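File shown: structure10.txt. Contents: compact mmCIF, C-alpha atoms.
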```txt
# COMPACT_ATOMS: atom_id res chain seq x y z
CA MET A 1 7.97 30.97 -1.36
CA ALA A 2 11.03 32.60 0.14
CA GLU A 3 14.06 33.87 -1.72
CA LYS A 4 17.02 31.59 -1.00
CA LYS A 5 20.76 31.60 -1.40
CA GLN A 6 22.32 29.44 -4.09
CA ARG A 7 22.53 25.84 -2.85
CA LEU A 8 25.98 24.37 -2.25
CA PHE A 9 25.16 20.69 -2.86
CA ASP A 10 22.69 18.50 -4.75
CA LEU A 11 21.46 16.03 -2.13
CA PRO A 12 17.64 16.07 -1.85
CA GLU A 13 16.26 17.48 1.38
CA THR A 14 14.98 14.92 3.89
CA LYS A 15 11.56 16.41 4.51
CA GLY A 16 9.69 16.29 7.79
CA ALA A 17 6.12 17.25 8.70
CA PHE A 18 3.93 17.44 11.79
CA GLN A 19 0.29 17.81 12.76
CA LEU A 20 -0.98 18.93 16.11
CA LYS A 21 -4.34 19.56 17.70
CA GLY A 22 -4.62 21.33 21.02
CA VAL A 23 -5.29 24.42 23.11
CA VAL A 24 -3.37 27.67 22.61
CA SER A 25 -1.32 29.42 25.29
CA GLY A 26 1.27 32.20 25.48
CA THR A 27 -0.45 34.81 23.32
CA ASP A 28 -0.34 37.36 26.16
CA LYS A 29 3.45 37.22 26.39
CA ASP A 30 5.78 39.78 24.84
CA GLY A 31 7.42 37.16 22.63
CA PHE A 32 4.17 36.01 21.02
CA TYR A 33 4.28 38.46 18.09
CA ASN A 34 7.13 40.76 17.12
CA GLU A 35 8.03 43.07 14.26
CA LYS A 36 11.66 43.92 13.59
CA LYS A 37 14.25 44.44 10.87
CA THR A 38 16.73 41.93 9.49
CA LYS A 39 20.44 42.76 9.32
CA THR A 40 19.88 43.83 5.71
CA GLY A 41 16.99 46.14 6.66
CA LYS A 42 14.07 43.98 5.52
CA ASP A 43 10.82 43.93 7.49
CA MET A 44 10.46 40.75 9.56
CA ARG A 45 7.65 39.34 11.70
CA THR A 46 7.75 36.42 14.13
CA ILE A 47 5.27 34.43 16.20
CA ASN A 48 5.90 32.03 19.07
CA PHE A 49 3.14 30.34 21.07
CA GLY A 50 2.29 27.12 22.86
CA VAL A 51 -0.22 24.39 21.99
CA SER A 52 -1.17 21.89 24.70
CA TYR A 53 -2.21 18.51 23.30
CA ASP A 54 -2.90 17.17 26.82
CA ASP A 55 -2.79 18.44 30.40
CA SER A 56 0.70 19.87 31.13
CA GLU A 57 2.01 18.68 27.77
CA THR A 58 2.78 21.64 25.53
CA LEU A 59 4.62 22.03 22.23
CA TYR A 60 5.81 25.37 20.90
CA ILE A 61 5.14 26.77 17.45
CA ASN A 62 7.49 29.22 15.74
CA LYS A 63 7.16 31.10 12.49
CA THR A 64 9.22 33.83 10.82
CA GLY A 65 8.13 35.89 7.83
CA ILE A 66 10.34 38.32 5.91
CA ALA A 67 9.21 40.77 3.24
CA GLN A 68 10.28 39.52 -0.20
CA SER A 69 10.60 41.03 -3.65
CA LYS A 70 8.20 38.47 -5.19
CA VAL A 71 5.38 36.14 -4.24
CA TYR A 72 4.21 33.18 -6.32
CA PHE A 73 0.76 32.19 -7.54
CA SER A 74 -0.02 28.79 -9.01
CA LYS A 75 -2.73 27.42 -11.30
CA LYS A 76 -3.55 23.72 -11.50
CA ALA A 77 -3.14 21.96 -14.83
CA GLU A 78 -6.35 21.73 -16.83
CA GLU A 79 -5.57 18.18 -17.92
CA LYS A 80 -4.87 15.29 -15.58
CA GLY A 81 -1.16 14.66 -15.36
CA GLY A 82 -0.29 18.08 -16.74
CA LYS A 83 2.00 20.61 -15.11
CA SER A 84 0.73 23.49 -13.02
CA THR A 85 1.55 27.06 -14.00
CA THR A 86 3.42 29.36 -11.62
CA GLU A 87 3.40 33.15 -11.84
CA ALA A 88 5.81 35.50 -10.02
CA VAL A 89 4.10 38.65 -8.73
CA ASP A 90 5.62 41.79 -7.20
CA TRP A 91 5.42 41.85 -3.41
CA ASP A 92 3.35 45.04 -3.30
CA ASN A 93 0.74 43.45 -5.60
CA ARG A 94 0.24 40.29 -3.57
CA PHE A 95 -3.21 41.34 -2.30
CA SER A 96 -4.50 42.85 -5.54
CA TYR A 97 -3.39 40.12 -7.98
CA ASN A 98 -6.55 38.40 -9.18
CA ARG A 99 -5.82 36.35 -12.30
CA GLU A 100 -8.51 33.69 -12.80
CA GLY A 101 -7.55 30.25 -11.55
CA PHE A 102 -4.36 31.36 -9.78
CA LYS A 103 -3.93 30.93 -6.03
CA LEU A 104 -1.17 32.21 -3.79
CA ILE A 105 1.41 29.63 -2.71
CA GLY A 106 1.35 30.21 1.03
CA ASN A 107 -0.15 29.28 4.40
CA ASN A 108 -3.74 28.25 5.14
CA ILE A 109 -4.81 30.47 8.01
CA GLY A 110 -8.22 30.50 9.71
CA VAL A 111 -7.86 32.03 13.17
CA ARG A 112 -11.00 34.14 13.41
CA LYS A 113 -14.66 33.50 12.77
CA LYS A 114 -17.10 35.04 10.31
CA ILE A 115 -20.72 34.48 9.29
CA ASP A 116 -21.08 32.97 5.81
CA GLU A 117 -23.85 33.59 3.29
CA LYS A 118 -25.97 30.86 4.94
CA GLY A 119 -25.73 32.52 8.35
CA LYS A 120 -23.34 29.87 9.68
CA GLU A 121 -20.28 30.73 11.76
CA VAL A 122 -17.17 29.50 9.95
CA ASN A 123 -13.45 30.15 9.90
CA ASP A 124 -12.39 33.23 7.95
CA LYS A 125 -10.05 31.26 5.68
CA LYS A 126 -7.12 33.01 4.05
CA VAL A 127 -4.02 31.97 2.10
CA LEU A 128 -1.14 34.20 3.18
CA THR A 129 2.62 34.58 2.87
CA ASP A 130 4.72 33.77 5.94
CA PHE A 131 5.00 37.51 6.61
CA ASP A 132 1.25 38.15 6.48
CA ALA A 133 0.40 34.88 8.26
CA CYS A 134 2.42 36.03 11.28
CA LYS A 135 0.38 39.25 11.41
CA GLU A 136 -2.97 37.46 11.02
CA ILE A 137 -2.11 35.02 13.79
CA GLY A 138 -0.65 37.77 16.00
CA ASP A 139 -3.79 39.88 15.68
CA ASN A 140 -6.39 37.17 16.19
CA LEU A 141 -5.18 34.05 18.01
CA LYS A 142 -6.04 34.01 21.75
CA ASP A 143 -5.24 31.82 24.74
CA GLY A 144 -7.73 29.00 25.18
CA ALA A 145 -8.52 28.67 21.48
CA SER A 146 -8.69 25.13 20.14
CA VAL A 147 -6.64 24.74 16.97
CA PHE A 148 -5.50 22.27 14.35
CA ILE A 149 -1.98 22.93 13.08
CA ARG A 150 -0.03 21.33 10.29
CA GLY A 151 3.44 22.24 9.09
CA ASN A 152 7.08 21.47 8.46
CA ILE A 153 9.89 20.52 10.81
CA ASP A 154 12.83 22.88 10.39
CA TYR A 155 16.35 21.95 11.46
CA SER A 156 19.28 24.30 11.94
CA SER A 157 22.32 24.63 14.19
CA PHE A 158 24.29 27.30 16.01
CA ILE A 159 27.41 27.65 18.17
CA ASN A 160 26.63 28.56 21.78
CA ASP A 161 28.72 30.83 24.01
CA LYS A 162 30.81 27.83 25.10
CA GLY A 163 31.76 27.05 21.51
CA ASP A 164 29.57 23.93 21.33
CA LYS A 165 27.34 23.16 18.35
CA ARG A 166 23.64 22.93 19.16
CA VAL A 167 20.86 21.74 16.86
CA SER A 168 17.62 23.73 16.83
CA ILE A 169 14.39 22.02 15.76
CA LYS A 170 11.37 24.23 15.09
CA LEU A 171 7.75 23.40 14.30
CA ASP A 172 6.92 25.82 11.47
CA PRO A 173 3.18 25.86 10.66
CA ASN A 174 1.73 26.20 7.16
CA GLN A 175 -1.81 25.71 8.43
CA VAL A 176 -3.34 27.16 11.60
CA SER A 177 -7.09 26.68 11.92
CA LEU A 178 -9.62 27.07 14.68
CA CYS A 179 -11.41 23.80 15.42
CA SER A 180 -14.14 22.53 17.73
CA ASP A 181 -13.45 22.94 21.46
CA ILE A 182 -11.02 20.38 22.86
CA ASN A 183 -11.63 18.72 26.23
CA PHE A 184 -8.69 16.58 27.36
CA LYS A 185 -10.90 14.72 29.86
CA ALA A 186 -13.66 13.88 27.42
CA ASP A 187 -14.39 10.21 26.72
CA GLY A 188 -12.63 9.10 23.57
CA TYR A 189 -10.20 12.01 23.47
CA GLU A 190 -7.08 11.05 21.52
CA LYS A 191 -3.88 13.04 21.42
CA GLN A 192 -2.85 14.36 18.04
CA ASN A 193 0.84 15.23 18.18
CA ASN A 194 2.28 13.35 15.24
CA PHE A 195 5.24 13.66 12.91
CA ASN A 196 6.84 11.93 9.97
CA GLN A 197 10.38 12.42 8.73
CA ILE A 198 12.81 11.03 6.19
CA ILE A 199 16.04 10.34 8.07
CA ILE A 200 19.50 9.16 7.10
CA PHE A 201 20.07 6.37 9.61
CA MET A 202 23.49 6.39 11.29
CA GLY A 203 23.06 3.96 14.17
CA ILE A 204 21.01 2.82 17.17
CA ASP A 205 22.10 2.29 20.77
CA LYS A 206 20.51 1.56 24.13
CA GLU A 207 19.74 4.73 26.06
CA LYS A 208 21.53 5.18 29.38
CA ASP A 209 20.84 7.64 32.19
CA SER A 210 23.33 9.88 33.99
CA ASN A 211 24.38 6.91 36.16
CA ASP A 212 25.16 4.81 33.07
CA LYS A 213 22.12 2.59 33.66
CA GLU A 214 20.00 1.40 30.75
CA THR A 215 16.58 3.06 30.59
CA GLY A 216 14.90 0.45 28.39
CA ARG A 217 14.68 2.92 25.52
CA PHE A 218 16.79 3.24 22.37
CA VAL A 219 18.45 6.24 20.71
CA VAL A 220 18.51 6.50 16.92
CA SER A 221 21.29 8.68 15.52
CA ALA A 222 20.44 10.26 12.17
CA LYS A 223 21.38 12.98 9.74
CA ILE A 224 18.88 15.43 8.28
CA VAL A 225 19.51 17.21 4.98
CA THR A 226 18.06 20.72 4.82
CA TYR A 227 18.30 23.22 1.97
CA SER A 228 21.62 24.59 3.22
CA THR A 229 22.93 22.28 5.98
CA ILE A 230 23.24 18.69 7.16
CA GLU A 231 22.34 18.28 10.82
CA ASP A 232 22.90 15.49 13.36
CA VAL A 233 19.66 14.62 15.16
CA GLU A 234 18.57 11.98 17.67
CA TYR A 235 15.23 10.15 17.91
CA ILE A 236 13.85 7.78 20.55
CA ILE A 237 12.37 4.29 20.16
CA THR A 238 10.53 2.76 23.12
CA ASP A 239 9.50 -0.53 21.41
CA SER A 240 12.32 -3.10 21.60
CA LYS A 241 10.91 -5.09 18.66
CA LEU A 242 10.97 -2.01 16.44
CA ALA A 243 14.48 -1.17 17.68
CA ASN A 244 15.67 -4.65 16.66
CA LEU A 245 14.19 -4.19 13.19
CA PHE A 246 16.17 -0.98 12.80
CA LYS A 247 19.37 -2.64 14.01
CA LYS A 248 19.03 -5.71 11.78
CA ASN A 249 17.80 -4.07 8.58
CA LEU A 250 19.46 -0.65 8.39
CA LYS A 251 23.06 0.32 7.82
CA PRO A 252 24.67 3.76 8.19
CA TYR A 253 23.65 6.17 5.40
CA ASN A 254 20.46 4.23 4.58
CA ALA A 255 17.49 6.59 4.26
CA ILE A 256 14.03 5.67 5.58
CA LYS A 257 10.76 7.42 6.36
CA VAL A 258 9.76 7.21 10.02
CA ASN A 259 6.71 8.38 11.92
CA GLY A 260 5.66 8.81 15.51
CA ASP A 261 4.80 11.29 18.23
CA ILE A 262 6.33 14.57 19.35
CA VAL A 263 6.15 14.59 23.14
CA SER A 264 6.81 17.22 25.76
CA SER A 265 7.37 16.46 29.41
CA LYS A 266 8.45 18.30 32.53
CA GLN A 267 11.99 17.54 33.59
CA VAL A 268 12.02 16.88 37.33
CA GLU A 269 15.03 15.87 39.39
CA GLU A 270 15.07 14.83 43.02
CA VAL A 271 17.36 16.99 45.16
CA SER A 272 18.11 17.25 48.84
CA GLU A 273 17.77 20.51 50.73
CA GLU A 274 18.54 21.23 54.34
CA ASP A 275 15.84 23.13 56.16
CA ALA A 276 16.33 25.53 59.06
CA TRP A 277 16.54 22.61 61.56
CA GLY A 278 19.27 20.80 59.71
CA GLU A 279 17.12 17.87 58.61
CA THR A 280 17.17 16.59 55.02
CA ASP A 281 14.03 17.19 53.02
CA LYS A 282 13.47 15.35 49.72
CA MET A 283 11.76 17.54 47.21
CA ASN A 284 11.22 17.72 43.52
CA LYS A 285 12.83 20.47 41.55
CA VAL A 286 12.19 21.32 37.91
CA SER A 287 15.65 21.47 36.32
CA ASN A 288 14.39 22.54 32.89
CA PRO A 289 10.80 23.60 32.14
CA THR A 290 10.18 21.06 29.39
CA LYS A 291 11.92 18.47 27.27
CA ARG A 292 10.75 17.71 23.74
CA GLU A 293 11.38 14.32 22.15
CA PHE A 294 10.56 12.74 18.81
CA ILE A 295 9.41 9.17 19.53
CA ILE A 296 9.55 6.85 16.52
CA LYS A 297 6.51 4.53 16.55
CA GLY A 298 6.88 3.07 13.07
CA ALA A 299 8.66 3.19 9.73
CA THR A 300 7.93 2.32 6.13
CA PRO A 301 10.41 -0.30 4.85
CA SER A 302 9.45 0.36 1.22
CA THR A 303 11.03 3.81 1.57
CA ILE A 304 14.49 2.47 2.40
CA ASP A 305 17.04 3.99 0.01
CA LYS A 306 20.59 2.62 0.06
CA GLU A 307 21.97 4.56 -2.90
CA LEU A 308 20.93 8.22 -2.63
CA TYR A 309 22.75 9.27 0.54
CA THR A 310 26.04 7.38 0.41
CA GLU A 311 28.83 8.20 2.85
CA GLU A 312 30.85 9.70 0.00
CA LYS A 313 28.02 11.99 -1.13
CA VAL A 314 27.11 13.11 2.38
CA GLN A 315 30.70 13.80 3.44
CA GLU A 316 31.36 15.70 0.21
CA ALA A 317 28.33 17.92 0.94
CA ILE A 318 29.47 18.47 4.53
CA ALA A 319 32.92 19.51 3.30
CA LYS A 320 31.36 22.09 0.96
CA ILE A 321 29.25 23.47 3.82
CA ASN A 322 32.25 23.70 6.15
CA ASN A 323 34.40 25.42 3.50
CA ALA A 324 31.64 27.95 2.78
CA ASN A 325 31.17 28.64 6.50
CA LYS A 326 34.91 29.14 6.95
CA ALA A 327 35.05 31.52 3.98
CA GLU A 328 32.08 33.48 5.33
CA ASN A 329 33.63 33.72 8.79
CA ASP A 330 36.96 34.83 7.33
CA PHE A 331 35.76 37.26 4.69
CA GLY A 332 32.04 37.86 5.24
CA SER A 333 29.05 36.58 3.29
CA SER A 334 29.09 36.91 -0.50
CA SER A 335 25.35 36.34 -0.78
CA THR A 336 23.39 38.84 -2.81
CA SER A 337 20.00 37.87 -1.29
CA ASP A 338 18.84 37.58 1.87
CA TRP A 339 8.33 -0.86 10.58
CA GLY A 340 5.26 -0.49 13.24
CA GLU A 341 2.49 2.00 12.85
CA VAL A 342 2.38 3.91 9.57
CA SER A 343 0.89 7.38 9.52
CA ASP A 344 -1.15 8.80 6.68
CA ASP A 345 -0.41 12.51 6.47
CA ASP A 346 -2.56 13.05 3.37
CA ASP A 347 -5.88 13.28 5.23
CA GLU A 348 -7.31 16.76 4.86
CA GLU A 349 -8.46 18.67 7.91
CA VAL A 350 -11.13 21.32 7.43
CA TRP A 351 -9.61 24.73 7.95
```
This entry written out as structure tokens:
Amino acid sequence: MAEKKQRLFDLPETKGAFQLKGVVSGTDKDGFYNEKKTKTGKDMRTINFGVSYDDSETLYINKTGIAQSKVYFSKKAEEKGGKSTTEAVDWDNRFSYNREGFKLIGNNIGVRKKIDEKGKEVNDKKVLTDFDACKEIGDNLKDGASVFIRGNIDYSSFINDKGDKRVSIKLDPNQVSLCSDINFKADGYEKQNNFNQIIIFMGIDKEKDSNDKETGRFVVSAKIVTYSTIEDVEYIITDSKLANLFKKNLKPYNAIKVNGDIVSSKQVEEVSEEDAWGETDKMNKVSNPTKREFIIKGATPSTIDKELYTEEKVQEAIAKINNANKAENDFGSSSTSDWGEVSDDDDEEVW
């Protein structure tokens, strides 16, 4: 549980989650695991690696962990319906704290094997802070490993060197577990690259290509509320019947829970090149290595909320964010601390 700045607005976050099963790559690259310092001098660790859920279809996993002053342990309520108990523990005591019934609030990590008391090879399961999870993964995860990953979808934005705002979407794992070997060509193999997300619907339009021709797909414009920002995000619908349901039943600022697939594909464009003899040779050129899209396959109409995220409430929150950003840019930070298919994301995966 990370230490956070004071929140500027009261709108609930629109949570998103993903689950992914595939084969690991990129652990031999320099950017896989890094240790550095934050601007305020805190220790920070990062991981960044790929997971292929099918041949030539790879998604990238990112995690950042920063040393904190406290960690949090929780104990389940003894009576059904009761409240759990949470205990704050000093950072340096996070490994030695051993109060009966209390478990660290953190990440489920099982990226190396051990032999249990029955002589069976099992995952060496640990619950770790973000900071320690990065180290455990960095030390033990290898290319070619088959893994099951579950986590949160994190949204943020930044201004690029041209002054344009860009939205960054990261897949932040809270579970990384070795699983049985994956064979993409095996009979019955099914991709597992799913997500669900509460969105604030803003509109839906037909997708058009660079030549202004309709592609047959649809673009859903939405807003996502994070802890500290409100981001503009786009999703894709490929089913025209589902697109019509969205258009007929949703109005701007209606919230709804959607689900679907996260897909990654190579971006290839056809270009012409003249060879040494002056003839034209058609060839394929990769313009960008990969493109990641969130394809909505279904939604849950019972989750539609027409009252919580009104235009007035959302715009008021955006104004507060913009004013705070302007004040920070002008004077520096004042912070003192650093309807179709329906998915069921409650199924537990052994880790």
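Here atom CA of Arg292 of chain A and atom CA of Tyr235 of chain A stand 10.5 Å from one another.
Neighbouring residues of Asn193 of chain A at 7 Å or closer, counting only C-alpha atoms and skipping chain neighbours under 2 positions away, are Gln19, Leu20, Lys21, Tyr53, Lys191, Asp261 and Ile262 of chain A.
When only C-alpha atoms are used to measure the gap to Glu87 of chain A, the shortest distance among A:Glu231, A:Glu100, A:Asp161, A:Asp116 belongs to A:Glu100.
Interatomic distance, atom CA of Ile236 of chain A to atom CA of Asp54 of chain A: 20.2 Å.
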Can I get the residues of segment 71-137 of chain A within 9 Å of segment 44-49 of chain A, each with the closest pair of atoms and their distance in Å to one decimal, using only C-alpha atoms, sorted chain first then ascending number, as CSV?
```
residue,atom,partner,partner_atom,distance
A:Asp130,CA,A:Arg45,CA,8.5
A:Phe131,CA,A:Arg45,CA,6.0
A:Asp132,CA,A:Arg45,CA,8.3
A:Cys134,CA,A:Ile47,CA,5.9
A:Lys135,CA,A:Arg45,CA,7.3
A:Ile137,CA,A:Ile47,CA,7.8
```
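Checking A:Phe102, A:Gly65, A:Lys185, A:Val24 one by one against Ala77 of chain A, counting only C-alpha atoms, you find the shortest gap at A:Phe102.
Going from atom CA of Phe9 of chain A over to atom CA of Ser221 of chain A, you cover 22.3 Å.
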Counting only C-alpha atoms, find the residues whose atoms lie at most 12 Å from (-13.4, 34.5, 20.0) (file coordinates) and write them out as number ranges by chain. A: 111-114, 121-123, 139-146, 178-179, 181
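When the distance limit is 12 Å and only C-alpha atoms are what count, the residues near Lys241 of chain A, minus those fewer than 2 positions from it on the same chain, are A:Gly216, A:Arg217, A:Phe218, A:Ile237, A:Thr238, A:Asp239, A:Ala243, A:Asn244, A:Leu245, A:Phe246, A:Lys247, A:Lys248, A:Lys297, A:Gly298, A:Trp339, A:Gly340.
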Set the distance at 10 Å and use only C-alpha atoms: which residues neighbour Lys15 of chain A once local chain neighbours fewer than 4 positions away are removed? I'd like the list as a PyMOL selection string. chain A and resi 152-154+196-199+224-227+257
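Proximity of A:Ser96, A:Ser168, A:Asn322, A:Ser84 to Val233 of chain A, computed with all atoms listed in the file, is greatest for A:Ser168.
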So, with all atoms listed in the file as the atoms that count, which of A:Ile204, A:Ile149, A:Ile169, A:Ile230 lies closest to Glu316 of chain A? A:Ile230
